[in-house]
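Undergrad: Take this structure first; my questions come after.
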Amino acid sequence: MANRIIVTDADLTGDTIRFVQRTALPQTISGTAAGTWHVLNTAMSGPVEVLGLPGQLRAASTDASTTINSGHSLTDAYAAWHTSVRDTMQTLGITDPHGAKFAIATMPGSSMAARWGHGFDVTWPEGGYFGNGRTDIYGFDTLMITEAGPPVPIENTASRDIWLRQLDYLCRFSANAIENGKPDFGTEVVFWSIWPDAQVWASDPSSDYNWWRTNYPNFRDALVKYGEIFRHMTDYAAWKMRQLYPGLPEDWRIWIIPGHLWMRHLYDDIAAEIAPGYTTIADAFTDGIHPTPASEYGLHCFVLTCLYQLDIAAYDALHGGVRIPAGMTRQQAEYYWALALRVAQEYEPAGWGGTEGGEIEYDPLITPDWLPDWTFDGTDVVTGAPEADGLPVISGDTLLGETLTATPPNWLGYPAPTSTSGLWSTSPDGVTWTPTTETGTTITLLLEHVGLVLRYSATATNSVGPTTVHSLPTDPVVDDTVAALPSDHVLHMTATDHDGPALTGTAPTAVDGVLRFARYAAVDDAPRVALTATEMYLCMAVRPTGTGNTDLMTANNRTNDPWTDNPNKTAASSPNQGSRFEANYFQSGPAPTVNRAPEGSYVQGDWHVVEFFWDAVGTTVRVIHDNTDYGDTAAPYAVGATLAETTTLWLHPVIGAGDPVATDVAELVVYDRIPTPAERASIRAVMAESVPT
């Protein structure tokens, strides 16, 4: 196209003519390097026309396209889900817009260098897909990237190190998209150009803008220079990529979606009084640089118009109306749609056939190579299924009652792992592993773990597949508990001794080392103890021996004996029994037994170590049963009134009339508090040792 020729005056005699056509005209052009500007070395006068291919156009994104937006708060201005971008995308026919179709990879205030080196990205609470513009690039069709502002002009040699760093990281992200993005150079790079802080020309003497205030008198003039700088950066990085990757198409380039130009048009429209809702450019911002919600809506309409090359106004007519944010008039929305289309179609680097901004700003024949020795090592970018940066690590002592803690690894991969999980396993030899039910990062060591080793397995999953890594095995779990109970127990009772508060009623009889509870006969004979506590814990070694229903204990929520109100000991549905609750209830009939409590079945004639702990919460007594995994599965039992300060604990089977004796107890301990997991493990060990052989 003739308008690609850069000339200095109308008379071309003796002038050097350069153009950006990627297809050389061999009869008139010197130089052979593909993708560079060529020099017409023939002196000529009069009209000049360069024939060649039409101007370069960008292929529009589609519903199948995926875009990851790597930037900062001015990227969030169009991309974050707190705007209505999701609704607008749905209007344009983009399905599942809150998924990876439009991923956010932003860090407030960040440069490209900060985002390249950061191991994670800030996430927003509103939902949506979040990723990393470097490690998650695999599979994305488009990388939308920007640099922090203000940019460094070439003329500002005092900031040359910052300029070179900006070019370095734009090249890094571009090369990473080429090497680790979609196969066959399938991930394009699009630069989102930003705008300066409008307040620095008024009241904010920011040192970052000193050069700008000296050389540009106002916000609008600075916008023009912003565009030149960003075009120079993208021209250079594209040229560098074509040198580095000879297999790139000759017309490969970095496109620009010009936020700076959108702001310039808004500025001019405000001055012409045709921008509804604005009186000055300050109305576009909350603080001089961050857009208001209305401006955010206009910006995301602009970005979507550029990416998908669609006229939002046309889709409003086709699909019954674009959803407009609350508080915005239709006139404002229609203005934003028209502004987006106008800027997108006129700006050449956006790739829709416009001409403005079409002058190439980096010419390797005039400007030296900024980074002459630059190369790219993309081996640190993980693509595909999740990959861990190490093995899980287990900390803690492998002693009975202690808690082990696993630290999972960090995960990389594209797509970013959408789910992670863990699982503890045990093994007698470190070879054959049996999974436990523990899936958290901690596990309390129980009697069943003694003599075994443990490991923690961490799994991460994405759409490519799952990856699991295992920790190294622990040392074997050791039982170093002392066969003694903590000193602050309330009641400890064996067949031969009893300490703590005295029992009232008839004490159980010791027969062959077993506490044999007699069949209930009279209230005064029932062994019981009065405790003052709102938390209680009971553990016992118990053997169901009869065939009837057995309740190992009963707590009374008032000081009088509940059985005096129910002398016939009828069913629990009796209205007189609302003043008590049964902590555990099971039937000990023919083996295997049918258990009506959450613990699992009890086998008649077998010994079991069982424990219960509960507390009073308002008018509800929560009874927590546990004899297997020390879990805290709550089973609420409503009672008729708040648990009284004095609670009567009944230590005998509560059985219906005619039922035979149903329970033997080898040892029993009661606390007025809930012990720690380590204390509970020690108590269980004592209970297990008390069982007669």
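We label chains A, B, ... in the order they appear in the structure tokens, count residues from 1 in each chain, and number ligands from 1 in the order shown.
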What parts of segment 182-321 of chain A does DSSP call strand (DSSP E or B)? I'd like the answer as a PyMOL selection string.
TA: chain A and resi 188-193+255-258+285+291
Undergrad: Give me, as a list in words, all polymer residues having an atom no more than 12 Å from Ala685 of chain A, counting only C-alpha atoms and skipping those fewer than 4 positions away in the same chain.
TA: Leu400, Gly401, Leu446, Leu447, Glu448, Val450, Asp479, Asp480, Thr481, Val482, Ala483, Ala484, Leu485, Cys539, Met540, Ala541, His608, Val609, Val610, Glu667, Ala678, Glu679, Arg680, Ala681, Glu689, Ser690 and Val691 of chain A
Undergrad: May I have all residues of segment 112-235 of chain A that DSSP, computed from the backbone, assigns to helix (DSSP H, G or I), given as a PyMOL selection string?
TA: chain A and resi 112-117+157-180+198-201+207-215+219-235
Undergrad: Work out how far apart atom CA of Tyr671 of chain A and atom CA of Asp488 of chain A are and give it in Å to one decimal.
TA: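 One can read the atom CA of Tyr671 of chain A to atom CA of Asp488 of chain A distance as 7.7 Å.
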Undergrad: Within 10 Å of segment 372-375 of chain A, counting only C-alpha atoms, which residues show up once you throw out same-chain ones fewer than 4 positions away? Write them as a list in words, please.
TA: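 Near segment 372-375 of chain A, the qualifying residues are Asp168, Cys171, Arg172, Ala175, Lys240, Met241, Leu244 and Pro368 of chain A.
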Undergrad: Taking only C-alpha atoms into account, which of A:Ala114, A:Met493, A:Val303, A:Ala385 comes nearest Pro466 of chain A?
TA: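 Distance minimum relative to Pro466 of chain A lands on A:Ala385.
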Undergrad: Report as a PyMOL selection string all protein, DNA and RNA residues lying within 8 Å of Pro435 of chain A, evaluated on only C-alpha atoms, omitting residues in the same chain fewer than 2 positions from it.
TA: chain A and resi 423-426+433+437
Undergrad: Neighbours of segment 268-271 of chain A within 12 Å (only C-alpha atoms; same-chain residues fewer than 3 positions away dropped), as a ChimeraX atom specification?
TA: /A:219-221,223,261-265,274-284,335-336,338-339
Undergrad: Restricting the output to N, CA and C atoms, write the selected residues as a PDB file, in the first residue's frame.
TA:
ATOM      1  N   PHE A 219      -2.497  16.307  29.194  1.00  0.00           N
ATOM      2  CA  PHE A 219      -2.850  14.883  29.141  1.00  0.00           C
ATOM      3  C   PHE A 219      -3.020  14.409  27.700  1.00  0.00           C
ATOM      4  N   ARG A 220      -3.695  15.169  26.864  1.00  0.00           N
ATOM      5  CA  ARG A 220      -3.982  14.714  25.511  1.00  0.00           C
ATOM      6  C   ARG A 220      -2.717  14.578  24.681  1.00  0.00           C
ATOM      7  N   ASP A 221      -1.806  15.569  24.754  1.00  0.00           N
ATOM      8  CA  ASP A 221      -0.567  15.480  23.980  1.00  0.00           C
ATOM      9  C   ASP A 221       0.270  14.286  24.422  1.00  0.00           C
ATOM     10  N   LEU A 223      -0.868  11.472  25.392  1.00  0.00           N
ATOM     11  CA  LEU A 223      -1.457  10.262  24.827  1.00  0.00           C
ATOM     12  C   LEU A 223      -0.873   9.931  23.462  1.00  0.00           C
ATOM     13  N   LEU A 261      -5.542   5.567  22.585  1.00  0.00           N
ATOM     14  CA  LEU A 261      -6.300   6.243  21.534  1.00  0.00           C
ATOM     15  C   LEU A 261      -7.774   6.373  21.911  1.00  0.00           C
ATOM     16  N   TRP A 262      -8.297   5.354  22.613  1.00  0.00           N
ATOM     17  CA  TRP A 262      -9.678   5.437  23.112  1.00  0.00           C
ATOM     18  C   TRP A 262      -9.824   6.638  24.032  1.00  0.00           C
ATOM     19  N   MET A 263      -8.836   6.817  24.932  1.00  0.00           N
ATOM     20  CA  MET A 263      -8.871   7.960  25.841  1.00  0.00           C
ATOM     21  C   MET A 263      -8.758   9.279  25.076  1.00  0.00           C
ATOM     22  N   ARG A 264      -7.946   9.310  24.008  1.00  0.00           N
ATOM     23  CA  ARG A 264      -7.801  10.543  23.242  1.00  0.00           C
ATOM     24  C   ARG A 264      -9.112  10.921  22.553  1.00  0.00           C
ATOM     25  N   HIS A 265      -9.807   9.910  22.005  1.00  0.00           N
ATOM     26  CA  HIS A 265     -11.097  10.184  21.387  1.00  0.00           C
ATOM     27  C   HIS A 265     -12.117  10.632  22.431  1.00  0.00           C
ATOM     28  N   ILE A 274     -20.039  15.810  23.041  1.00  0.00           N
ATOM     29  CA  ILE A 274     -20.823  14.717  22.455  1.00  0.00           C
ATOM     30  C   ILE A 274     -20.608  13.407  23.216  1.00  0.00           C
ATOM     31  N   ALA A 275     -19.992  13.482  24.397  1.00  0.00           N
ATOM     32  CA  ALA A 275     -19.781  12.289  25.225  1.00  0.00           C
ATOM     33  C   ALA A 275     -20.744  12.348  26.397  1.00  0.00           C
ATOM     34  N   PRO A 276     -21.863  11.651  26.338  1.00  0.00           N
ATOM     35  CA  PRO A 276     -22.867  11.753  27.414  1.00  0.00           C
ATOM     36  C   PRO A 276     -22.304  11.281  28.754  1.00  0.00           C
ATOM     37  N   GLY A 277     -22.599  12.057  29.778  1.00  0.00           N
ATOM     38  CA  GLY A 277     -22.158  11.697  31.127  1.00  0.00           C
ATOM     39  C   GLY A 277     -20.837  12.311  31.525  1.00  0.00           C
ATOM     40  N   TYR A 278     -20.159  13.067  30.621  1.00  0.00           N
ATOM     41  CA  TYR A 278     -18.853  13.652  30.912  1.00  0.00           C
ATOM     42  C   TYR A 278     -18.893  15.159  30.677  1.00  0.00           C
ATOM     43  N   THR A 279     -18.228  15.884  31.554  1.00  0.00           N
ATOM     44  CA  THR A 279     -18.011  17.313  31.324  1.00  0.00           C
ATOM     45  C   THR A 279     -16.532  17.631  31.162  1.00  0.00           C
ATOM     46  N   THR A 280     -15.665  16.885  31.857  1.00  0.00           N
ATOM     47  CA  THR A 280     -14.214  16.994  31.684  1.00  0.00           C
ATOM     48  C   THR A 280     -13.650  15.587  31.711  1.00  0.00           C
ATOM     49  N   ILE A 281     -12.374  15.454  31.320  1.00  0.00           N
ATOM     50  CA  ILE A 281     -11.750  14.132  31.312  1.00  0.00           C
ATOM     51  C   ILE A 281     -11.639  13.574  32.727  1.00  0.00           C
ATOM     52  N   ALA A 282     -11.644  14.457  33.738  1.00  0.00           N
ATOM     53  CA  ALA A 282     -11.590  13.980  35.126  1.00  0.00           C
ATOM     54  C   ALA A 282     -12.795  13.117  35.462  1.00  0.00           C
ATOM     55  N   ASP A 283     -13.913  13.309  34.746  1.00  0.00           N
ATOM     56  CA  ASP A 283     -15.107  12.505  35.013  1.00  0.00           C
ATOM     57  C   ASP A 283     -14.921  11.046  34.607  1.00  0.00           C
ATOM     58  N   ALA A 284     -13.876  10.757  33.842  1.00  0.00           N
ATOM     59  CA  ALA A 284     -13.627   9.379  33.400  1.00  0.00           C
ATOM     60  C   ALA A 284     -12.938   8.548  34.473  1.00  0.00           C
ATOM     61  N   TYR A 335     -23.219   5.282  22.947  1.00  0.00           N
ATOM     62  CA  TYR A 335     -22.010   6.076  22.684  1.00  0.00           C
ATOM     63  C   TYR A 335     -20.764   5.206  22.793  1.00  0.00           C
ATOM     64  N   TYR A 336     -20.690   4.381  23.848  1.00  0.00           N
ATOM     65  CA  TYR A 336     -19.521   3.515  24.029  1.00  0.00           C
ATOM     66  C   TYR A 336     -19.388   2.509  22.876  1.00  0.00           C
ATOM     67  N   ALA A 338     -20.396   2.884  19.755  1.00  0.00           N
ATOM     68  CA  ALA A 338     -19.953   3.603  18.562  1.00  0.00           C
ATOM     69  C   ALA A 338     -18.492   4.016  18.682  1.00  0.00           C
ATOM     70  N   LEU A 339     -18.082   4.482  19.872  1.00  0.00           N
ATOM     71  CA  LEU A 339     -16.689   4.869  20.087  1.00  0.00           C
ATOM     72  C   LEU A 339     -15.764   3.672  19.888  1.00  0.00           C
TER      73      LEU A 339
END
Undergrad: Quick one: residues within 9 Å of Asp63 of chain A, only C-alpha atoms counted, chain neighbours fewer than 2 positions away excluded, as an mmCIF file with N, CA and C atoms, in the first residue's frame?
TA:
data_model
loop_
_atom_site.group_PDB
_atom_site.id
_atom_site.type_symbol
_atom_site.label_atom_id
_atom_site.label_comp_id
_atom_site.auth_asym_id
_atom_site.auth_seq_id
_atom_site.Cartn_x
_atom_site.Cartn_y
_atom_site.Cartn_z
ATOM 1 N N SER A 61 -10.809 -12.941 16.804
ATOM 2 C CA SER A 61 -11.091 -14.006 17.766
ATOM 3 C C SER A 61 -12.515 -14.509 17.549
ATOM 4 N N SER A 65 -12.052 -19.108 20.713
ATOM 5 C CA SER A 65 -10.760 -18.531 21.094
ATOM 6 C C SER A 65 -10.656 -18.365 22.604
ATOM 7 N N THR A 66 -9.424 -18.432 23.088
ATOM 8 C CA THR A 66 -9.149 -18.200 24.503
ATOM 9 C C THR A 66 -8.122 -17.082 24.616
ATOM 10 N N LEU A 92 -22.469 -11.213 22.662
ATOM 11 C CA LEU A 92 -21.721 -11.410 21.418
ATOM 12 C C LEU A 92 -21.606 -12.878 21.033
ATOM 13 N N GLY A 93 -22.253 -13.757 21.790
ATOM 14 C CA GLY A 93 -22.238 -15.175 21.452
ATOM 15 C C GLY A 93 -21.049 -15.932 21.996
ATOM 16 N N ILE A 94 -20.340 -15.370 22.995
ATOM 17 C CA ILE A 94 -19.182 -16.047 23.595
ATOM 18 C C ILE A 94 -19.700 -16.913 24.735
ATOM 19 N N THR A 95 -19.643 -18.209 24.560
ATOM 20 C CA THR A 95 -20.155 -19.135 25.568
ATOM 21 C C THR A 95 -19.148 -19.326 26.685
ATOM 22 N N LYS A 101 -12.108 -18.755 28.563
ATOM 23 C CA LYS A 101 -12.258 -17.959 27.338
ATOM 24 C C LYS A 101 -11.632 -16.574 27.518
ATOM 25 N N TYR A 308 -12.852 -9.360 18.832
ATOM 26 C CA TYR A 308 -13.788 -10.171 18.058
ATOM 27 C C TYR A 308 -14.236 -9.493 16.755
#
Undergrad: Quick check, in Å to one decimal: how far apart do atom CA of Ala148 of chain A and atom CA of Ser110 of chain A lie?
TA: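 Answer for the atom CA of Ala148 of chain A to atom CA of Ser110 of chain A separation: 6.1 Å.
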Undergrad: By how many Å are atom CA of Ala340 of chain A and atom CA of Ile324 of chain A apart?
TA: 15.5 Å
